[in-house]
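Undergrad: Mind having a look at this structure? Questions to follow.
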Amino acid sequence: MNWINNYVRPHINSIFSRRETPDNLWTKCEECGTMLFHREVSDNLNVCTSCGHHMAITPRARFKALFDGGVFVEVKVPAPTPDPLHFRDQKKYPDRLKAAQKQTSEAEAMLVAKGEIGRTQIVAAGQDFSFMAGSMGMYVGNAIIAAAQEAVKLKAPLILFSAAGGARMQEGILSLMQMPRTTVAVQMLKEAGLPYIVVLTHPTTGGVTASYAMLGDVQIAEPGALICFAGPRVIEQTIREKLPEGFQRAEYLLDHGMLDRVTPRTKLRDELIEITRMLMKLPPAVRGDLPPPTEGGDLPHALSEGNKAEKAKK
């Protein structure tokens with residue numbers, strides 16, 4: 001009996017009480033190869049704590065870190081005509097969309113939201129590269145137009161986070177038409193006198209770079225981001241020459257006058273608060289706790305106070 005009680009029964013209990021260890025507890029940095037605990041990576045906004053390499057981050061996770069208290073309201077985007085060209089390659093276009101939606105738990109490749117950063121009302125749009133490579137289709141065009149209209153309505157800046165492999169081939173010419181459409185949307189902001197800030201993330205390529213991604217009043221990029229129209233491999237094959245080290249990376253573009261700033265993701269929120277308040281001619285943000293936004297209006301507390309100050313001067 002002692003053998004059964006002391007060995008067999010505990011052994012059987014241990015088999016049935018074992019907990020499976022999740023496979024995603026650790027993440028390997030693509031740049032330095034360091035194994036990182038998932039919570040450590042998440043707390044550092046998907047930036048490697050060893051070498052500073054910026055990994056991919058979803059728009060929803062980015063917005064949670066960007067907006068005050070992680071609170072934001074999604075802006076509704078009109079749904080375009082599904083599969084207008086009845087396109088099919090190895091799979092039907094609707095099947096590819098369903099697979100991407102299941103993988104990302106998002107409706108499409110761009111998320112639009114409104115909220116406050118540093119008690120300053122903004123509208124933000126973010127592309128999700130994991131959704132069909134963040135490709136620019138009719139939905140993305142509708143999303144940018146919806147974001148611009150919401151920004152004009154709220155008299156708020158628009159901050160756009162780009163990450164795309166270019167136009168969506170499954171929508172053909174309709175995808176390319178989003179380039180002029182989004183350019184018109186950006187012009188709406190300029191005519192309203194509202195700031196348009198672009199944060200270019202890795203990678204931003206193709207027709208996206210040839211349209212709304214390079215039209216910002218302020219152009220910021222994350223470190224190491226690939227930003228180009230045609231990729232370096234295509235250019236090397238075309239000109240049959242070796243390209244310079246770091247060609248088309250964020251730091252290279254900054255040195256050649258294509259960008260205003262290259263800012264690490266962990267410092268980006270503070271910089272965006274400072275820039276938006278500066279462009280909106282508001283006083284610097286107050287550090288620490290602030291009273292909640294005033295009820296019954298779209299403008300935050302700080303913006304309301306700024307307007308009162310302006311009226312007092314007049």
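Residue numbering restarts at 1 in every chain; chains get A, B, ... in the order shown in the structure tokens, and ligands count up from 1 in that same order.
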For A:Arg265, list every protein, DNA or RNA residue within 9 Å, evaluated using only C-alpha atoms, and leave out those in the same chain fewer than 4 positions away; present the list as a short mmCIF file (atom, residue, chain, number, x, y, z; two decimals) with C-alpha atoms, in the first residue's frame.

TA:
data_model
loop_
_atom_site.label_atom_id
_atom_site.label_comp_id
_atom_site.auth_asym_id
_atom_site.auth_seq_id
_atom_site.Cartn_x
_atom_site.Cartn_y
_atom_site.Cartn_z
CA ASN A 44 8.32 47.96 -24.02
CA LEU A 45 5.92 48.41 -26.99
CA ASN A 46 7.46 45.53 -28.98
CA VAL A 47 10.91 47.09 -28.90
CA HIS A 54 11.53 47.75 -33.42
CA GLU A 222 10.71 54.80 -36.30
CA PRO A 223 14.36 53.66 -36.21
CA ARG A 269 3.98 59.60 -27.45
#

Undergrad: Need the shell around A:Thr81: protein/DNA/RNA residues with any atom at most 12 Å away, counting only C-alpha atoms. Skip same-chain ones fewer than 2 positions apart. Format as an MDAnalysis selection string?

TA: chainID A and resid 78:79 83:86 94 137:139 142 171 174

Undergrad: So, counting only C-alpha atoms, which residue among A:Pro244, A:Gly165, A:Gly172, A:Gly70 is closest to A:Ile227?

TA: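 Answer, going by the shortest atom-to-atom distance: A:Gly165.
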
Undergrad: Please list as a tab-separated table (two decimals) with N, CA, C and O atoms, in the first residue's frame every residue within 8 Å of A:Thr104, counting only C-alpha atoms and excluding residues in the same chain fewer than 3 positions away.

TA:
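And here is the file that came out, around-v6.tsv:
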chain	number	residue	atom	x	y	z
A	100	ALA	N	-7.42	36.79	-43.49
A	100	ALA	CA	-6.73	37.90	-42.82
A	100	ALA	C	-7.52	38.40	-41.63
A	100	ALA	O	-6.95	38.73	-40.58
A	101	GLN	N	-8.83	38.45	-41.75
A	101	GLN	CA	-9.69	38.88	-40.64
A	101	GLN	C	-9.62	37.90	-39.48
A	101	GLN	O	-9.58	38.30	-38.31
A	130	SER	N	0.17	43.18	-40.78
A	130	SER	CA	-0.16	41.76	-40.73
A	130	SER	C	-1.45	41.45	-41.48
A	130	SER	O	-1.77	40.28	-41.71
A	131	PHE	N	-2.21	42.48	-41.87
A	131	PHE	CA	-3.44	42.28	-42.65
A	131	PHE	C	-3.10	42.48	-44.12
A	131	PHE	O	-3.03	43.61	-44.61

Undergrad: One number please: atom CA of A:Ile273 to atom CA of A:Thr49, in Å, one decimal.

TA: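 So the answer is 24.0 Å.
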
Undergrad: If we count only C-alpha atoms and set the cut-off at 12 Å, which residues sit around A:Ser42, ignoring sequence neighbours fewer than 4 positions away in its own chain? Please answer as a count of residues only.

TA: 20

Undergrad: What's the separation between atom CA of A:Gly231 and atom CA of A:Pro80, in Å to one decimal place?

TA: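 Going from atom CA of A:Gly231 over to atom CA of A:Pro80 covers 29.3 Å.
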
Undergrad: Please provide as a ChimeraX atom specification all residues within 7 Å of A:Thr205, with the sequence filter that same-chain residues fewer than 4 positions apart are discarded (counting only C-alpha atoms).

TA: /A:164-166,209,227-230

Undergrad: Can you pull out the residues contacting A:Gln149? Cut-off 10 Å, using only C-alpha atoms, and skip same-chain residues under 2 positions away; I want them as a list of chain:residue names.

TA: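 Residues near the query, excluding close chain neighbours: A:Val123, A:Ala143, A:Ile144, A:Ile145, A:Ala146, A:Ala147, A:Ala151, A:Val152, A:Lys153, A:Leu154, A:Lys155, A:Leu158, A:Ala185, A:Val186, A:Met188, A:Leu189.
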
Undergrad: Pick out the residues sitting within 6 Å of stretch 193-203 of chain A, and hand them over as a PyMOL selection string; count only C-alpha atoms, and ignore anything fewer than 3 positions along from it in its own chain.

TA: chain A and resi 157-163+189-190+216-222+225-226

Undergrad: Mind pulling up the distance from atom CA of A:Leu268 to atom CA of A:Ala285?

TA: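 Atom CA of A:Ala285 sits 14.8 Å away from atom CA of A:Leu268.
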
Undergrad: Going by DSSP on the backbone, which bits of stretch 22-215 of chain A are alpha helix (DSSP H)? Write them as a PyMOL selection string, please.

TA: chain A and resi 38-43+59-66+93-104+138-154+172-176+178-191

Undergrad: Under the rule that only C-alpha atoms are counted, which of A:Leu97, A:Ile239, A:Ala113, A:Ile173 is the nearest residue to A:Gly207?

TA: A:Ile173

Undergrad: Return as a list in words the full set of residues in stretch 61-122 of chain A whose backbone-based DSSP assignment is strand (DSSP E).

TA: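 Strand (DSSP E) members of stretch 61-122 of chain A, listed: Phe72, Val73, Glu74, Met110, Leu111, Val112, Ala113, Lys114, Gly115, Glu116, Ile117, Thr120, Gln121 and Ile122 of chain A.
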
Undergrad: So, counting only C-alpha atoms, which residue among A:Glu191, A:Glu245, A:Glu236, A:Glu150 is closest to A:Val75?

TA: A:Glu150

Undergrad: Quick one: of A:Glu251, A:Val112, A:Pro284, A:Arg39, who's nearest to A:Leu272, counting only C-alpha atoms?

TA: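 Answer, going by the shortest atom-to-atom distance: A:Pro284.
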
Undergrad: Select, from A:Tyr93, A:Gly206, A:Leu66, A:Ile122, the residue with the minimum atom-to-atom distance to A:Gly134, counting only C-alpha atoms.

TA: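 Of A:Tyr93, A:Gly206, A:Leu66, A:Ile122, the one nearest A:Gly134 is A:Gly206, counting only C-alpha atoms.
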